[in-house]
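Peer 1: Below you will find the structure I want to go over with you.
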Amino acid sequence: MDGLTKDDFTQNPDPWALFRQWFAEAEASEPEDPNAMALATCDADGLPDVRIVLLKGVDERGFVFYTNTLSTKGQELADNPRAAIVLHWKSLRRQVRARGPVTKVDDAEADAYYATRARDSRLGAWASRQSQPLESRAALIRAVEEVGARFPGEAVPRPAHWTGYRIAPTSMEFWHDGAYRLHDRVRFSRRGDRWEGQRLYP
């Protein structure tokens, strides 16, 4: 597979088309979780936090992930609604970086995705006080069982504190491993309603 060896990436910049191509290839070759991405946010003091989340939606509007709004990342995004992500596909020796402002998805979009989750995952969204101290594993299991008793059937509504976030990138960078550290790097920067592409030194 060619990396970013063709110069037309900068002459005809379309980062979304390139991302769709790379993501499809990652889904075919990456052994597990090709949609795993590192998500970086900052606390009120500007100290960064980073963790792995799953990319659950992507289109020209941005990259979508879901979480508890009362979690550490949810609180940090409430205070500073900007984030950066990295997807790394070791099998392909590629990575994609992006960063930009973050907004919550609307309720209909969150409800639609939540409905696709396994019942136990939906119960977990209710039971977990994400990022808060937990006295024991047994306490978490009890909380899940209590929620299961509250919602005994398949219909488990989405809790108000659980939703999706969309990162609308102002920049996207594509990296492909090269011999002797001579990597290929192309950065796309948003300029209004268009993108500009630029090749970078490795």
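Chain labels A, B, ... are given in the sequence in which chains occur in the structure tokens; within each chain residues are numbered consecutively from 1, and ligands are likewise numbered from 1 in the order shown.
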Can you pull out the residues contacting region 99-111 of chain A? Cut-off 12 Å, using only C-alpha atoms, and skip same-chain residues under 5 positions away; I want them as a count of residues only.
Peer 2: 55
Peer 1: Enumerate, as a count of residues only, the complete set of residues in region 150-179 of chain A that a backbone-based DSSP assignment places in strand (DSSP E or B).
Peer 2: 12
Peer 1: What's the separation between CA of Glu146 (chain A) and CA of Ala125 (chain A), in Å to one decimal place?
Peer 2: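 CA of Ala125 (chain A) lies 12.7 Å from CA of Glu146 (chain A).
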Peer 1: Compare A:Asp177, A:Ile52, A:Ser128, A:Glu60 by their minimum atom-to-atom distance to Arg194 (chain A), counting only C-alpha atoms, and give me the closest one.
Peer 2: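 Answer, going by the shortest atom-to-atom distance: A:Glu60.
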Peer 1: Determine the nearest neighbour of Gln21 (chain A) from the options A:Arg191, A:Arg185, A:Phe174, A:Glu154, counting only C-alpha atoms.
Peer 2: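 Nearest candidate to Gln21 (chain A) out of A:Arg191, A:Arg185, A:Phe174, A:Glu154: A:Phe174.
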Peer 1: From a backbone DSSP assignment, name each residue in region 6-170 of chain A labelled alpha helix (DSSP H), as a PyMOL selection string.
Peer 2: chain A and resi 8-11+15-29+72-79+107-114+119-127+137-150
Peer 1: Residues within 12 Å of Gly153 (chain A), please, as number ranges by chain. Count only C-alpha atoms; anything in the same chain fewer than 5 positions from it doesn't count.
Peer 2: A: 119-120, 122-123, 147-148
Peer 1: Just the selected residues (N, CA and C atoms), exported as a CSV table (one decimal), in the first residue's frame, please.
Peer 2:
```csv
chain,number,residue,atom,x,y,z
A,119,ARG,N,-27.7,-4.8,26.0
A,119,ARG,CA,-28.5,-4.4,27.2
A,119,ARG,C,-27.6,-4.2,28.4
A,120,ASP,N,-26.6,-5.1,28.6
A,120,ASP,CA,-25.7,-4.9,29.7
A,120,ASP,C,-24.9,-3.6,29.7
A,122,ARG,N,-26.0,-0.9,28.3
A,122,ARG,CA,-27.0,0.2,28.6
A,122,ARG,C,-27.2,0.3,30.1
A,123,LEU,N,-27.2,-0.9,30.8
A,123,LEU,CA,-27.4,-0.9,32.2
A,123,LEU,C,-26.1,-0.3,32.9
A,147,VAL,N,-30.0,-1.7,38.7
A,147,VAL,CA,-30.5,-1.1,37.5
A,147,VAL,C,-31.3,-2.1,36.7
A,148,GLY,N,-30.7,-3.3,36.6
A,148,GLY,CA,-31.4,-4.4,35.9
A,148,GLY,C,-32.8,-4.7,36.4
```
Peer 1: What's the 9 Å shell around region 131-136 of chain A, counting only C-alpha atoms, without same-chain residues fewer than 2 positions away, as a ChimeraX atom specification?
Peer 2: /A:70-73,128-129,138-140
Peer 1: Save the residues we just selected, C-alpha atoms, as a PDB file, in the first residue's frame?
Peer 2:
```
ATOM      1  CA  LEU A  70     -20.150  13.586  34.653  1.00  0.00           C
ATOM      2  CA  SER A  71     -16.876  11.740  34.007  1.00  0.00           C
ATOM      3  CA  THR A  72     -13.518  13.495  34.140  1.00  0.00           C
ATOM      4  CA  LYS A  73     -13.486  13.988  30.380  1.00  0.00           C
ATOM      5  CA  SER A 128     -21.395   3.529  36.684  1.00  0.00           C
ATOM      6  CA  ARG A 129     -20.578   6.801  38.409  1.00  0.00           C
ATOM      7  CA  ALA A 138     -18.848  -6.014  44.246  1.00  0.00           C
ATOM      8  CA  ALA A 139     -20.456  -2.585  44.721  1.00  0.00           C
ATOM      9  CA  LEU A 140     -20.379  -2.020  40.969  1.00  0.00           C
TER      10      LEU A 140
END
```
Peer 1: Using only C-alpha atoms, which residue out of A:Gln130, A:Ser121, A:Gln75, A:Ser29 lies closest to Ser91 (chain A)?
Peer 2: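 Counting only C-alpha atoms, the residue closest to Ser91 (chain A) is A:Ser29.
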Peer 1: Report, in Å with one decimal, the straight-line distance from CA of Ala127 (chain A) to CA of Ala149 (chain A).
Peer 2: 11.7 Å
Peer 1: To one decimal in Å, tell me the separation between CA of Ala26 (chain A) and CA of Lys90 (chain A).
Peer 2: 9.2 Å
Peer 1: If we count only C-alpha atoms and set the cut-off at 10 Å, which residues sit around Trp22 (chain A), ignoring sequence neighbours fewer than 5 positions away in its own chain? Please answer as a list in words.
Peer 2: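 That gives Gly3, Trp16, Ala17, Glu27, Ala28, Trp89, Leu92, Arg94, Gln95, Val96 and Phe174 of chain A.
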Peer 1: Kindly export the residues of the current selection with N, CA and C atoms, as a short mmCIF file (atom, residue, chain, number, x, y, z; two decimals), in the first residue's frame.
Peer 2:
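Result saved to out_20.cif:
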```cif
data_model
loop_
_atom_site.label_atom_id
_atom_site.label_comp_id
_atom_site.auth_asym_id
_atom_site.auth_seq_id
_atom_site.Cartn_x
_atom_site.Cartn_y
_atom_site.Cartn_z
N GLY A 3 1.72 5.01 0.96
CA GLY A 3 1.40 5.83 2.12
C GLY A 3 0.84 7.16 1.67
N TRP A 16 -11.34 13.99 4.41
CA TRP A 16 -12.37 13.01 4.75
C TRP A 16 -12.32 11.81 3.81
N ALA A 17 -12.08 12.05 2.53
CA ALA A 17 -11.95 10.93 1.60
C ALA A 17 -10.76 10.06 1.98
N GLU A 27 -10.00 -1.33 9.20
CA GLU A 27 -11.02 -2.30 9.59
C GLU A 27 -10.73 -3.68 9.01
N ALA A 28 -10.08 -3.71 7.84
CA ALA A 28 -9.78 -4.98 7.20
C ALA A 28 -8.51 -5.63 7.75
N TRP A 89 -2.82 2.79 13.82
CA TRP A 89 -3.03 1.45 13.27
C TRP A 89 -1.67 0.79 13.05
N LEU A 92 -0.81 -1.25 9.91
CA LEU A 92 -0.60 -0.49 8.68
C LEU A 92 0.53 0.52 8.80
N ARG A 94 0.41 3.38 10.40
CA ARG A 94 -0.21 4.67 10.09
C ARG A 94 -0.82 5.27 11.35
N GLN A 95 -0.96 6.57 11.34
CA GLN A 95 -1.75 7.23 12.36
C GLN A 95 -2.40 8.49 11.79
N VAL A 96 -3.50 8.87 12.42
CA VAL A 96 -4.21 10.10 12.06
C VAL A 96 -4.41 10.91 13.33
N PHE A 174 -2.14 13.21 8.66
CA PHE A 174 -1.98 11.81 8.28
C PHE A 174 -0.49 11.48 8.26
#
```
Peer 1: Might you pull out every residue within 12 Å of Asn12 (chain A), with only C-alpha atoms counted and same-chain residues fewer than 5 positions away left off, and present them as a list in words?
Peer 2: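 What passes the distance filter is Lys6, Asp7, Ala17, Leu18, Phe188, Arg194, Trp195, Glu196, Gly197 and Gln198 of chain A.
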Peer 1: Go ahead and save the picked residues with C-alpha atoms, as an mmCIF file, in the first residue's frame.
Peer 2:
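Here's the written file out_33.cif:
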```cif
data_model
loop_
_atom_site.group_PDB
_atom_site.id
_atom_site.type_symbol
_atom_site.label_atom_id
_atom_site.label_comp_id
_atom_site.auth_asym_id
_atom_site.auth_seq_id
_atom_site.Cartn_x
_atom_site.Cartn_y
_atom_site.Cartn_z
ATOM 1 C CA LYS A 6 1.477 11.089 -4.032
ATOM 2 C CA ASP A 7 1.708 14.871 -4.000
ATOM 3 C CA ALA A 17 -11.952 10.928 1.600
ATOM 4 C CA LEU A 18 -8.465 9.950 2.733
ATOM 5 C CA PHE A 188 -4.855 19.475 6.356
ATOM 6 C CA ARG A 194 -12.334 24.557 2.539
ATOM 7 C CA TRP A 195 -9.197 22.611 3.418
ATOM 8 C CA GLU A 196 -5.554 23.333 2.663
ATOM 9 C CA GLY A 197 -3.032 20.512 2.506
ATOM 10 C CA GLN A 198 0.647 20.788 3.364
#
```
